[in-house]
Each structure stands twice: as C-alpha cells, then as structure tokens.
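Shown next: query05.txt, given as compact mmCIF, N, CA and C atoms.
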# COMPACT_ATOMS: atom_id res chain seq x y z
N GLU A 1 -2.86 -0.43 -9.61
CA GLU A 1 -3.59 0.32 -10.60
C GLU A 1 -4.46 1.39 -9.96
N GLU A 2 -5.12 1.05 -8.85
CA GLU A 2 -6.01 2.01 -8.21
C GLU A 2 -5.25 3.19 -7.63
N LEU A 3 -4.04 2.95 -7.13
CA LEU A 3 -3.21 4.05 -6.64
C LEU A 3 -2.86 5.00 -7.78
N ILE A 4 -2.46 4.44 -8.91
CA ILE A 4 -2.09 5.25 -10.08
C ILE A 4 -3.29 6.05 -10.57
N GLU A 5 -4.45 5.41 -10.64
CA GLU A 5 -5.66 6.11 -11.09
C GLU A 5 -6.00 7.27 -10.16
N SER A 6 -5.61 7.17 -8.90
CA SER A 6 -5.89 8.23 -7.93
C SER A 6 -4.77 9.27 -7.87
N GLY A 7 -3.75 9.10 -8.70
CA GLY A 7 -2.69 10.09 -8.80
C GLY A 7 -1.46 9.81 -7.95
N PHE A 8 -1.38 8.65 -7.29
CA PHE A 8 -0.22 8.29 -6.48
C PHE A 8 0.68 7.37 -7.30
N HIS A 9 1.93 7.78 -7.48
CA HIS A 9 2.83 7.05 -8.37
C HIS A 9 4.11 6.61 -7.65
N PHE A 10 4.51 5.37 -7.95
CA PHE A 10 5.77 4.83 -7.46
C PHE A 10 6.90 5.71 -7.98
N LYS A 11 7.85 6.02 -7.16
CA LYS A 11 9.02 6.87 -7.41
C LYS A 11 8.71 8.36 -7.37
N ASN A 12 7.43 8.76 -7.40
CA ASN A 12 7.07 10.17 -7.26
C ASN A 12 6.42 10.46 -5.91
N HIS A 13 5.76 9.46 -5.36
CA HIS A 13 5.06 9.64 -4.09
C HIS A 13 5.47 8.60 -3.04
N PHE A 14 5.92 7.45 -3.47
CA PHE A 14 6.37 6.42 -2.53
C PHE A 14 7.51 5.64 -3.14
N ASN A 15 8.39 5.11 -2.27
CA ASN A 15 9.57 4.39 -2.77
C ASN A 15 9.63 2.94 -2.30
N PHE A 16 8.59 2.50 -1.63
CA PHE A 16 8.50 1.10 -1.20
C PHE A 16 7.04 0.71 -1.18
N PHE A 17 6.74 -0.47 -1.75
CA PHE A 17 5.38 -1.00 -1.75
C PHE A 17 5.47 -2.51 -1.61
N TYR A 18 4.72 -3.04 -0.67
CA TYR A 18 4.67 -4.50 -0.51
C TYR A 18 3.25 -4.92 -0.17
N LEU A 19 2.68 -5.76 -1.01
CA LEU A 19 1.35 -6.33 -0.82
C LEU A 19 1.54 -7.83 -0.58
N PRO A 20 1.48 -8.28 0.67
CA PRO A 20 1.66 -9.71 0.95
C PRO A 20 0.58 -10.54 0.25
N MET A 21 1.01 -11.64 -0.33
CA MET A 21 0.12 -12.50 -1.10
C MET A 21 0.12 -13.92 -0.55
N ASP A 22 -1.00 -14.60 -0.73
CA ASP A 22 -1.09 -16.03 -0.45
C ASP A 22 -0.65 -16.73 -1.73
N HIS A 23 0.47 -17.41 -1.69
CA HIS A 23 1.03 -18.01 -2.89
C HIS A 23 0.18 -19.17 -3.42
N THR A 24 -0.63 -19.77 -2.57
CA THR A 24 -1.47 -20.88 -3.01
C THR A 24 -2.67 -20.38 -3.80
N SER A 25 -3.36 -19.38 -3.27
CA SER A 25 -4.58 -18.88 -3.92
C SER A 25 -4.32 -17.68 -4.82
N ALA A 26 -3.12 -17.10 -4.77
CA ALA A 26 -2.76 -15.89 -5.51
C ALA A 26 -3.62 -14.69 -5.12
N ALA A 27 -4.17 -14.73 -3.91
CA ALA A 27 -4.96 -13.60 -3.39
C ALA A 27 -4.11 -12.80 -2.42
N ASN A 28 -4.35 -11.49 -2.36
CA ASN A 28 -3.60 -10.70 -1.38
C ASN A 28 -4.17 -10.97 0.01
N LEU A 29 -3.38 -10.67 1.03
CA LEU A 29 -3.77 -10.95 2.41
C LEU A 29 -4.61 -9.84 3.03
N GLY A 30 -4.88 -8.77 2.29
CA GLY A 30 -5.78 -7.74 2.76
C GLY A 30 -5.11 -6.56 3.42
N TYR A 31 -3.81 -6.43 3.29
CA TYR A 31 -3.09 -5.27 3.82
C TYR A 31 -1.84 -5.07 3.00
N CYS A 32 -1.26 -3.88 3.08
CA CYS A 32 -0.03 -3.61 2.36
C CYS A 32 0.82 -2.63 3.15
N PHE A 33 2.06 -2.49 2.75
CA PHE A 33 3.01 -1.58 3.37
C PHE A 33 3.50 -0.60 2.29
N ILE A 34 3.46 0.69 2.60
CA ILE A 34 3.89 1.72 1.66
C ILE A 34 4.77 2.70 2.42
N ASN A 35 5.90 3.08 1.85
CA ASN A 35 6.72 4.14 2.43
C ASN A 35 6.62 5.36 1.52
N PHE A 36 5.98 6.41 2.03
CA PHE A 36 5.80 7.64 1.27
C PHE A 36 7.05 8.50 1.36
N LEU A 37 7.25 9.35 0.36
CA LEU A 37 8.46 10.18 0.30
C LEU A 37 8.44 11.34 1.28
N ASN A 38 7.25 11.76 1.72
CA ASN A 38 7.19 12.78 2.76
C ASN A 38 5.83 12.70 3.45
N THR A 39 5.72 13.41 4.56
CA THR A 39 4.52 13.37 5.38
C THR A 39 3.31 13.94 4.65
N GLU A 40 3.52 15.00 3.85
CA GLU A 40 2.42 15.60 3.10
C GLU A 40 1.75 14.57 2.18
N ILE A 41 2.56 13.76 1.51
CA ILE A 41 2.02 12.73 0.62
C ILE A 41 1.30 11.65 1.42
N ALA A 42 1.88 11.25 2.55
CA ALA A 42 1.25 10.24 3.40
C ALA A 42 -0.11 10.73 3.89
N ASN A 43 -0.19 11.98 4.30
CA ASN A 43 -1.45 12.52 4.76
C ASN A 43 -2.48 12.63 3.63
N ALA A 44 -2.03 12.99 2.43
CA ALA A 44 -2.93 13.06 1.28
C ALA A 44 -3.48 11.67 0.96
N PHE A 45 -2.62 10.66 1.06
CA PHE A 45 -3.06 9.29 0.82
C PHE A 45 -4.10 8.88 1.87
N ALA A 46 -3.83 9.18 3.14
CA ALA A 46 -4.77 8.84 4.21
C ALA A 46 -6.12 9.52 3.96
N PHE A 47 -6.09 10.76 3.51
CA PHE A 47 -7.32 11.50 3.21
C PHE A 47 -8.05 10.86 2.03
N ALA A 48 -7.31 10.49 1.00
CA ALA A 48 -7.91 9.95 -0.23
C ALA A 48 -8.49 8.54 -0.04
N PHE A 49 -7.82 7.70 0.75
CA PHE A 49 -8.22 6.30 0.84
C PHE A 49 -8.83 5.88 2.18
N GLY A 50 -8.53 6.57 3.26
CA GLY A 50 -9.00 6.17 4.58
C GLY A 50 -10.52 6.05 4.64
N GLY A 51 -11.02 4.91 5.12
CA GLY A 51 -12.45 4.69 5.27
C GLY A 51 -13.17 4.30 3.99
N LYS A 52 -12.43 4.20 2.89
CA LYS A 52 -13.05 3.85 1.60
C LYS A 52 -12.72 2.41 1.23
N ARG A 53 -13.48 1.89 0.31
CA ARG A 53 -13.21 0.54 -0.20
C ARG A 53 -12.39 0.63 -1.48
N MET A 54 -11.53 -0.32 -1.68
CA MET A 54 -10.77 -0.40 -2.93
C MET A 54 -11.73 -0.94 -4.00
N ARG A 55 -11.85 -0.22 -5.09
CA ARG A 55 -12.82 -0.58 -6.13
C ARG A 55 -12.49 -1.90 -6.83
N ARG A 56 -11.23 -2.25 -6.90
CA ARG A 56 -10.85 -3.44 -7.66
C ARG A 56 -11.05 -4.75 -6.91
N PHE A 57 -11.40 -4.66 -5.64
CA PHE A 57 -11.56 -5.88 -4.86
C PHE A 57 -13.02 -6.07 -4.51
N ASN A 58 -13.50 -7.28 -4.65
CA ASN A 58 -14.89 -7.61 -4.37
C ASN A 58 -15.01 -7.87 -2.86
N SER A 59 -14.97 -6.81 -2.08
CA SER A 59 -14.96 -6.92 -0.63
C SER A 59 -15.64 -5.72 0.01
N ASN A 60 -16.21 -5.94 1.18
CA ASN A 60 -16.83 -4.86 1.94
C ASN A 60 -15.83 -4.17 2.86
N LYS A 61 -14.62 -4.62 2.92
CA LYS A 61 -13.62 -4.04 3.81
C LYS A 61 -13.28 -2.62 3.38
N THR A 62 -12.98 -1.79 4.36
CA THR A 62 -12.56 -0.42 4.08
C THR A 62 -11.09 -0.26 4.46
N VAL A 63 -10.47 0.72 3.86
CA VAL A 63 -9.05 0.99 4.09
C VAL A 63 -8.87 1.65 5.46
N VAL A 64 -7.93 1.13 6.23
CA VAL A 64 -7.53 1.73 7.49
C VAL A 64 -6.07 2.12 7.32
N VAL A 65 -5.75 3.38 7.51
CA VAL A 65 -4.39 3.88 7.35
C VAL A 65 -3.78 4.03 8.73
N MET A 66 -2.62 3.39 8.93
CA MET A 66 -1.93 3.49 10.22
C MET A 66 -0.44 3.37 10.01
N PRO A 67 0.35 3.90 10.94
CA PRO A 67 1.80 3.76 10.80
C PRO A 67 2.21 2.30 10.94
N ALA A 68 3.18 1.89 10.18
CA ALA A 68 3.73 0.53 10.27
C ALA A 68 4.84 0.53 11.32
N SER A 69 5.18 -0.66 11.79
CA SER A 69 6.23 -0.75 12.81
C SER A 69 7.62 -0.48 12.23
N VAL A 70 7.81 -0.73 10.95
CA VAL A 70 9.09 -0.45 10.28
C VAL A 70 8.90 0.84 9.49
N GLN A 71 9.70 1.86 9.77
CA GLN A 71 9.55 3.18 9.16
C GLN A 71 10.74 3.54 8.29
N GLY A 72 10.49 4.18 7.15
CA GLY A 72 11.53 4.71 6.28
C GLY A 72 12.02 3.70 5.26
N PHE A 73 12.55 4.23 4.15
CA PHE A 73 13.03 3.37 3.07
C PHE A 73 14.15 2.44 3.52
N GLU A 74 15.16 3.00 4.17
CA GLU A 74 16.33 2.19 4.55
C GLU A 74 15.96 1.02 5.45
N ARG A 75 15.11 1.27 6.44
CA ARG A 75 14.71 0.19 7.34
C ARG A 75 13.84 -0.84 6.63
N ASN A 76 12.93 -0.40 5.75
CA ASN A 76 12.12 -1.35 4.98
C ASN A 76 13.00 -2.17 4.04
N TYR A 77 13.93 -1.50 3.37
CA TYR A 77 14.83 -2.21 2.46
C TYR A 77 15.67 -3.24 3.23
N SER A 78 16.23 -2.81 4.34
CA SER A 78 17.04 -3.70 5.16
C SER A 78 16.25 -4.92 5.61
N TYR A 79 15.03 -4.69 6.01
CA TYR A 79 14.21 -5.80 6.51
C TYR A 79 13.73 -6.71 5.37
N TYR A 80 13.10 -6.15 4.35
CA TYR A 80 12.45 -6.96 3.32
C TYR A 80 13.41 -7.52 2.27
N SER A 81 14.52 -6.87 2.00
CA SER A 81 15.42 -7.38 0.96
C SER A 81 16.08 -8.68 1.36
N SER A 82 16.11 -8.99 2.64
CA SER A 82 16.74 -10.23 3.09
C SER A 82 15.72 -11.33 3.38
N THR A 83 14.45 -11.10 3.08
CA THR A 83 13.42 -12.11 3.35
C THR A 83 13.17 -12.97 2.12
N ARG A 84 12.45 -14.07 2.33
CA ARG A 84 12.12 -14.96 1.22
C ARG A 84 11.27 -14.28 0.16
N VAL A 85 10.41 -13.35 0.57
CA VAL A 85 9.52 -12.71 -0.42
C VAL A 85 10.31 -11.92 -1.45
N ALA A 86 11.45 -11.38 -1.09
CA ALA A 86 12.27 -10.61 -2.04
C ALA A 86 12.90 -11.50 -3.10
N GLN A 87 13.03 -12.79 -2.80
CA GLN A 87 13.60 -13.74 -3.75
C GLN A 87 12.53 -14.61 -4.42
N ALA A 88 11.26 -14.27 -4.28
CA ALA A 88 10.18 -15.06 -4.88
C ALA A 88 10.41 -15.19 -6.38
N THR A 89 10.15 -16.39 -6.91
CA THR A 89 10.36 -16.61 -8.35
C THR A 89 9.39 -15.79 -9.19
N ASP A 90 8.18 -15.56 -8.70
CA ASP A 90 7.21 -14.75 -9.42
C ASP A 90 7.33 -13.31 -8.94
N PRO A 91 7.71 -12.37 -9.82
CA PRO A 91 7.93 -10.98 -9.41
C PRO A 91 6.72 -10.30 -8.77
N GLN A 92 5.50 -10.75 -9.06
CA GLN A 92 4.33 -10.11 -8.47
C GLN A 92 4.25 -10.30 -6.96
N TYR A 93 5.01 -11.25 -6.42
CA TYR A 93 5.01 -11.49 -4.98
C TYR A 93 6.13 -10.74 -4.25
N ARG A 94 6.98 -10.04 -4.99
CA ARG A 94 8.12 -9.34 -4.38
C ARG A 94 7.75 -7.91 -4.01
N PRO A 95 8.40 -7.38 -2.96
CA PRO A 95 8.22 -5.95 -2.66
C PRO A 95 8.85 -5.10 -3.76
N LEU A 96 8.34 -3.89 -3.95
CA LEU A 96 8.92 -2.94 -4.90
C LEU A 96 9.76 -1.94 -4.13
N PHE A 97 10.99 -1.74 -4.57
CA PHE A 97 11.91 -0.78 -3.96
C PHE A 97 12.38 0.22 -5.01
N ALA A 98 12.50 1.47 -4.64
CA ALA A 98 13.12 2.49 -5.50
C ALA A 98 14.11 3.26 -4.63
N GLN A 99 15.37 3.18 -4.96
CA GLN A 99 16.39 3.90 -4.20
C GLN A 99 16.05 5.39 -4.22
N PRO A 100 16.34 6.10 -3.13
CA PRO A 100 16.03 7.54 -3.10
C PRO A 100 16.57 8.31 -4.31
N SER A 101 17.72 7.91 -4.84
CA SER A 101 18.28 8.60 -6.01
C SER A 101 17.43 8.40 -7.27
N GLU A 102 16.58 7.38 -7.29
CA GLU A 102 15.71 7.10 -8.43
C GLU A 102 14.41 7.90 -8.35
N CYS A 103 14.14 8.54 -7.22
CA CYS A 103 12.85 9.20 -6.99
C CYS A 103 12.89 10.67 -7.35
N SER A 104 11.76 11.15 -7.82
CA SER A 104 11.57 12.56 -8.14
C SER A 104 10.27 12.97 -7.47
N VAL A 105 10.36 13.63 -6.33
CA VAL A 105 9.17 13.94 -5.54
C VAL A 105 8.27 14.93 -6.25
N LEU A 106 7.00 14.56 -6.35
CA LEU A 106 5.97 15.45 -6.89
C LEU A 106 4.99 15.77 -5.78
N PRO A 107 4.28 16.88 -5.87
CA PRO A 107 3.26 17.17 -4.85
C PRO A 107 2.20 16.08 -4.86
N PRO A 108 1.52 15.88 -3.74
CA PRO A 108 0.46 14.86 -3.73
C PRO A 108 -0.67 15.27 -4.64
N PRO A 109 -1.45 14.30 -5.14
CA PRO A 109 -2.58 14.65 -5.98
C PRO A 109 -3.60 15.47 -5.21
N SER A 110 -4.36 16.27 -5.92
CA SER A 110 -5.39 17.09 -5.27
C SER A 110 -6.53 16.19 -4.82
N PRO A 111 -7.31 16.61 -3.82
CA PRO A 111 -8.44 15.79 -3.37
C PRO A 111 -9.42 15.47 -4.48
N ALA A 112 -9.53 16.31 -5.48
CA ALA A 112 -10.45 16.03 -6.59
C ALA A 112 -10.04 14.78 -7.34
N ALA A 113 -8.76 14.42 -7.30
CA ALA A 113 -8.29 13.24 -8.01
C ALA A 113 -8.44 11.97 -7.18
N SER A 114 -8.86 12.11 -5.92
CA SER A 114 -8.95 10.95 -5.04
C SER A 114 -10.17 10.10 -5.37
N PRO A 115 -10.14 8.83 -4.96
CA PRO A 115 -11.23 7.92 -5.28
C PRO A 115 -12.52 8.32 -4.56
N THR A 116 -13.64 7.87 -5.10
CA THR A 116 -14.92 8.14 -4.47
C THR A 116 -15.40 6.93 -3.71
N ASN A 117 -16.53 7.05 -3.04
CA ASN A 117 -17.10 5.93 -2.31
C ASN A 117 -17.91 5.01 -3.20
N SER A 118 -18.12 5.36 -4.45
CA SER A 118 -18.92 4.50 -5.31
C SER A 118 -18.07 3.34 -5.80
N VAL A 119 -18.39 2.18 -5.28
CA VAL A 119 -17.62 0.98 -5.57
C VAL A 119 -18.56 -0.19 -5.76
N LYS A 120 -18.03 -1.28 -6.25
CA LYS A 120 -18.81 -2.51 -6.32
C LYS A 120 -19.06 -3.00 -4.90
N THR A 121 -20.23 -3.53 -4.64
CA THR A 121 -20.49 -4.10 -3.32
C THR A 121 -20.59 -5.61 -3.46
N SER A 122 -20.36 -6.28 -2.36
CA SER A 122 -20.45 -7.74 -2.37
C SER A 122 -20.91 -8.20 -1.01
N HIS A 123 -21.15 -9.46 -0.90
CA HIS A 123 -21.55 -10.06 0.37
C HIS A 123 -20.43 -10.93 0.91
N SER A 124 -19.22 -10.43 0.83
CA SER A 124 -18.09 -11.21 1.33
C SER A 124 -18.12 -11.24 2.85
N ARG A 125 -17.57 -12.29 3.41
CA ARG A 125 -17.55 -12.41 4.87
C ARG A 125 -16.57 -11.42 5.46
N LYS A 126 -16.83 -11.01 6.67
CA LYS A 126 -15.96 -10.05 7.36
C LYS A 126 -14.74 -10.76 7.88
N SER A 127 -13.61 -10.14 7.77
CA SER A 127 -12.37 -10.67 8.29
C SER A 127 -12.14 -10.17 9.70
N ASN A 128 -11.46 -10.98 10.54
CA ASN A 128 -11.12 -10.49 11.87
C ASN A 128 -9.98 -9.50 11.75
N ARG A 129 -9.45 -9.29 10.59
CA ARG A 129 -8.38 -8.31 10.39
C ARG A 129 -8.93 -7.00 9.89
N SER A 130 -10.19 -6.71 10.12
CA SER A 130 -10.79 -5.51 9.53
C SER A 130 -10.03 -4.25 9.88
N GLU A 131 -9.35 -4.19 11.00
CA GLU A 131 -8.56 -3.02 11.35
C GLU A 131 -7.20 -3.03 10.66
N ARG A 132 -6.85 -4.13 9.99
CA ARG A 132 -5.54 -4.21 9.36
C ARG A 132 -5.63 -4.34 7.85
N ASN A 133 -6.73 -3.85 7.23
CA ASN A 133 -6.87 -3.99 5.78
C ASN A 133 -5.67 -3.41 5.05
N ARG A 134 -5.23 -2.25 5.48
CA ARG A 134 -4.13 -1.57 4.83
C ARG A 134 -3.25 -0.95 5.90
N MET A 135 -1.97 -1.29 5.92
CA MET A 135 -1.03 -0.68 6.86
C MET A 135 0.00 0.07 6.04
N LEU A 136 0.36 1.24 6.49
CA LEU A 136 1.25 2.09 5.72
C LEU A 136 2.43 2.53 6.55
N SER A 137 3.55 2.65 5.90
CA SER A 137 4.72 3.20 6.56
C SER A 137 4.72 4.70 6.31
N LEU A 138 4.44 5.47 7.35
CA LEU A 138 4.32 6.91 7.21
C LEU A 138 5.56 7.59 7.77
N PRO A 139 6.22 8.47 7.01
CA PRO A 139 7.37 9.16 7.56
C PRO A 139 6.94 10.07 8.71
N GLY A 140 7.64 10.04 9.78
CA GLY A 140 7.31 10.86 10.94
C GLY A 140 6.05 10.36 11.62
N ALA A 141 5.49 11.16 12.48
CA ALA A 141 4.32 10.74 13.23
C ALA A 141 3.05 11.42 12.77
N ALA A 142 3.12 12.20 11.72
CA ALA A 142 1.94 12.96 11.28
C ALA A 142 0.91 12.03 10.66
N MET A 143 -0.31 12.17 11.09
CA MET A 143 -1.44 11.43 10.54
C MET A 143 -2.62 12.37 10.43
N VAL A 144 -3.50 12.09 9.49
CA VAL A 144 -4.73 12.88 9.35
C VAL A 144 -5.78 12.27 10.26
Take the structure I supplied and represent it as structure tokens, if you would.
Amino acid sequence: EELIESGFHFKNHFNFFYLPMDHTSAANLGYCFINFLNTEIANAFAFAFGGKRMRRFNSNKTVVVMPASVQGFERNYSYYSSTRVAQATDPQYRPLFAQPSECSVLPPPSPAASPTNSVKTSHSRKSNRSERNRMLSLPGAAMV
C-alpha cells in the first residue's frame, strides 16, 4: 500500500516483489526484494524511500536500498518460482510475478509524490539486521 501511495505500481514500475514473512507470527522479516523495470525507476525508488521509515510499520528502522544478489526478472522468477514460498497455501506469503509482456512501463513518480519523514514513532528494539531492512533487485549497477 505504501508503495502505491508513493506512486510506484506493480506492472508499471516493477515486475517482481517478495516480502518474506514469518508464517507463525504473520509478521514480515524486515526486508523485501523488488525488481524494477529500469534503472531510472530503481533510482527514483532509492531517492524516495532510502533513509526513511515505512509509515505502516511501528518501527524505528529506516529503509536501506541495495542491489540484491539475484538480478532481473528471469533470474528472480527462476529462483523463487521453484521454492516453497511460491507454493504457500496463503497467497499473501507468495512472491508477486508479472511477465514482461504484462508490464506497461511508466515514468517514475516525481519526487513530490514520494513519502515524507513524518511517520509514527515507536520504542521498538533495534534489529541486528538494520542494514538489511529493505533489499532491492536493481537493474544494472546504477544506484543513487
């Protein structure tokens, strides 16, 4: 929801999204994988979210944008479609895939549409994964 509110849309800006979840507590693990349709969109996302907190989560963690070890739609599809998470009985635990033919690339949202730093604050404990809050699959090597 927060990505959509910031102007980033599945099939227009990214074709793969996976948010690993703890199936026991139904909480996310604090990082996700996204494959953007082009470098311009990936850089706009890094600019919009990097160093900020996700408003929907009651956490002090900030978003860290970095390249993932698996790059591109085909490699992500090949890897994740054969894993147990792709066959999870509850669809909310499965990765989202959109074949390139299903995508219609739109320009990235303008910076004015990006989220602000005004978020809910909490006294949640710090995770040792603070550098891995959010991992992204970025096409090419371009980063902001």
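With distances taken over all atoms listed in the file, A:Ile41 is the one residue among A:Ile34, A:Ile41, A:Val70, A:Met54 lying closest to Leu106 (chain A).
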Coordinates-based distance that separates atom C of Cys32 (chain A) from CA of Tyr18 (chain A) (Å, one decimal): 5.6 Å
Spatial neighbours of Met21 (chain A), max dist 10 Å, only C-alpha atoms, sep filter under 6 positions, as a list of chain:residue names: A:Ala27, A:Asn28, A:Leu29, A:Gly30, A:Tyr31, A:Cys32, A:Val85, A:Gln92, A:Tyr93, A:Arg94
Atom pair CA of His23 (chain A) / CA of Ala86 (chain A): separation (Å): 13.5 Å
Distance in Å - atom N of Pro109 (chain A) versus atom N of Phe8 (chain A):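 Distance between the two atoms: 6.0 Å.
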Top pick for closest residue to Ala44 (chain A), considering A:Ser82, A:Ser6, A:Ser69, A:Ser104 and counting only C-alpha atoms: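 Comparing A:Ser82, A:Ser6, A:Ser69, A:Ser104 against Ala44 (chain A), the winner is A:Ser6.
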Within-12 Å shell of (2.4, 3.3, 1.9) in input frame, only C-alpha atoms, as a PyMOL selection string: chain A and resi 3+8-11+13-19+31-39+41-46+49+63-68+70-73+76+95-97+134-139
Mind dumping the selected residues with N, CA and C atoms as a compact mmCIF listing (two decimals), in the coordinates of the input?
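The result, written out as part-v1.txt:
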# COMPACT_ATOMS: atom_id res chain seq x y z
N LEU A 3 -4.04 2.95 -7.13
CA LEU A 3 -3.21 4.05 -6.64
C LEU A 3 -2.86 5.00 -7.78
N PHE A 8 -1.38 8.65 -7.29
CA PHE A 8 -0.22 8.29 -6.48
C PHE A 8 0.68 7.37 -7.30
N HIS A 9 1.93 7.78 -7.48
CA HIS A 9 2.83 7.05 -8.37
C HIS A 9 4.11 6.61 -7.65
N PHE A 10 4.51 5.37 -7.95
CA PHE A 10 5.77 4.83 -7.46
C PHE A 10 6.90 5.71 -7.98
N LYS A 11 7.85 6.02 -7.16
CA LYS A 11 9.02 6.87 -7.41
C LYS A 11 8.71 8.36 -7.37
N HIS A 13 5.76 9.46 -5.36
CA HIS A 13 5.06 9.64 -4.09
C HIS A 13 5.47 8.60 -3.04
N PHE A 14 5.92 7.45 -3.47
CA PHE A 14 6.37 6.42 -2.53
C PHE A 14 7.51 5.64 -3.14
N ASN A 15 8.39 5.11 -2.27
CA ASN A 15 9.57 4.39 -2.77
C ASN A 15 9.63 2.94 -2.30
N PHE A 16 8.59 2.50 -1.63
CA PHE A 16 8.50 1.10 -1.20
C PHE A 16 7.04 0.71 -1.18
N PHE A 17 6.74 -0.47 -1.75
CA PHE A 17 5.38 -1.00 -1.75
C PHE A 17 5.47 -2.51 -1.61
N TYR A 18 4.72 -3.04 -0.67
CA TYR A 18 4.67 -4.50 -0.51
C TYR A 18 3.25 -4.92 -0.17
N LEU A 19 2.68 -5.76 -1.01
CA LEU A 19 1.35 -6.33 -0.82
C LEU A 19 1.54 -7.83 -0.58
N TYR A 31 -3.81 -6.43 3.29
CA TYR A 31 -3.09 -5.27 3.82
C TYR A 31 -1.84 -5.07 3.00
N CYS A 32 -1.26 -3.88 3.08
CA CYS A 32 -0.03 -3.61 2.36
C CYS A 32 0.82 -2.63 3.15
N PHE A 33 2.06 -2.49 2.75
CA PHE A 33 3.01 -1.58 3.37
C PHE A 33 3.50 -0.60 2.29
N ILE A 34 3.46 0.69 2.60
CA ILE A 34 3.89 1.72 1.66
C ILE A 34 4.77 2.70 2.42
N ASN A 35 5.90 3.08 1.85
CA ASN A 35 6.72 4.14 2.43
C ASN A 35 6.62 5.36 1.52
N PHE A 36 5.98 6.41 2.03
CA PHE A 36 5.80 7.64 1.27
C PHE A 36 7.05 8.50 1.36
N LEU A 37 7.25 9.35 0.36
CA LEU A 37 8.46 10.18 0.30
C LEU A 37 8.44 11.34 1.28
N ASN A 38 7.25 11.76 1.72
CA ASN A 38 7.19 12.78 2.76
C ASN A 38 5.83 12.70 3.45
N THR A 39 5.72 13.41 4.56
CA THR A 39 4.52 13.37 5.38
C THR A 39 3.31 13.94 4.65
N ILE A 41 2.56 13.76 1.51
CA ILE A 41 2.02 12.73 0.62
C ILE A 41 1.30 11.65 1.42
N ALA A 42 1.88 11.25 2.55
CA ALA A 42 1.25 10.24 3.40
C ALA A 42 -0.11 10.73 3.89
N ASN A 43 -0.19 11.98 4.30
CA ASN A 43 -1.45 12.52 4.76
C ASN A 43 -2.48 12.63 3.63
N ALA A 44 -2.03 12.99 2.43
CA ALA A 44 -2.93 13.06 1.28
C ALA A 44 -3.48 11.67 0.96
N PHE A 45 -2.62 10.66 1.06
CA PHE A 45 -3.06 9.29 0.82
C PHE A 45 -4.10 8.88 1.87
N ALA A 46 -3.83 9.18 3.14
CA ALA A 46 -4.77 8.84 4.21
C ALA A 46 -6.12 9.52 3.96
N PHE A 49 -7.82 7.70 0.75
CA PHE A 49 -8.22 6.30 0.84
C PHE A 49 -8.83 5.88 2.18
N VAL A 63 -10.47 0.72 3.86
CA VAL A 63 -9.05 0.99 4.09
C VAL A 63 -8.87 1.65 5.46
N VAL A 64 -7.93 1.13 6.23
CA VAL A 64 -7.53 1.73 7.49
C VAL A 64 -6.07 2.12 7.32
N VAL A 65 -5.75 3.38 7.51
CA VAL A 65 -4.39 3.88 7.35
C VAL A 65 -3.78 4.03 8.73
N MET A 66 -2.62 3.39 8.93
CA MET A 66 -1.93 3.49 10.22
C MET A 66 -0.44 3.37 10.01
N PRO A 67 0.35 3.90 10.94
CA PRO A 67 1.80 3.76 10.80
C PRO A 67 2.21 2.30 10.94
N ALA A 68 3.18 1.89 10.18
CA ALA A 68 3.73 0.53 10.27
C ALA A 68 4.84 0.53 11.32
N VAL A 70 7.81 -0.73 10.95
CA VAL A 70 9.09 -0.45 10.28
C VAL A 70 8.90 0.84 9.49
N GLN A 71 9.70 1.86 9.77
CA GLN A 71 9.55 3.18 9.16
C GLN A 71 10.74 3.54 8.29
N GLY A 72 10.49 4.18 7.15
CA GLY A 72 11.53 4.71 6.28
C GLY A 72 12.02 3.70 5.26
N PHE A 73 12.55 4.23 4.15
CA PHE A 73 13.03 3.37 3.07
C PHE A 73 14.15 2.44 3.52
N ASN A 76 12.93 -0.40 5.75
CA ASN A 76 12.12 -1.35 4.98
C ASN A 76 13.00 -2.17 4.04
N PRO A 95 8.40 -7.38 -2.96
CA PRO A 95 8.22 -5.95 -2.66
C PRO A 95 8.85 -5.10 -3.76
N LEU A 96 8.34 -3.89 -3.95
CA LEU A 96 8.92 -2.94 -4.90
C LEU A 96 9.76 -1.94 -4.13
N PHE A 97 10.99 -1.74 -4.57
CA PHE A 97 11.91 -0.78 -3.96
C PHE A 97 12.38 0.22 -5.01
N ARG A 134 -5.23 -2.25 5.48
CA ARG A 134 -4.13 -1.57 4.83
C ARG A 134 -3.25 -0.95 5.90
N MET A 135 -1.97 -1.29 5.92
CA MET A 135 -1.03 -0.68 6.86
C MET A 135 0.00 0.07 6.04
N LEU A 136 0.36 1.24 6.49
CA LEU A 136 1.25 2.09 5.72
C LEU A 136 2.43 2.53 6.55
N SER A 137 3.55 2.65 5.90
CA SER A 137 4.72 3.20 6.56
C SER A 137 4.72 4.70 6.31
N LEU A 138 4.44 5.47 7.35
CA LEU A 138 4.32 6.91 7.21
C LEU A 138 5.56 7.59 7.77
N PRO A 139 6.22 8.47 7.01
CA PRO A 139 7.37 9.16 7.56
C PRO A 139 6.94 10.07 8.71
Per-residue DSSP, region 63-99 of chain A, filtered to alpha helix (DSSP H), as a ChimeraX atom specification: /A:73-80
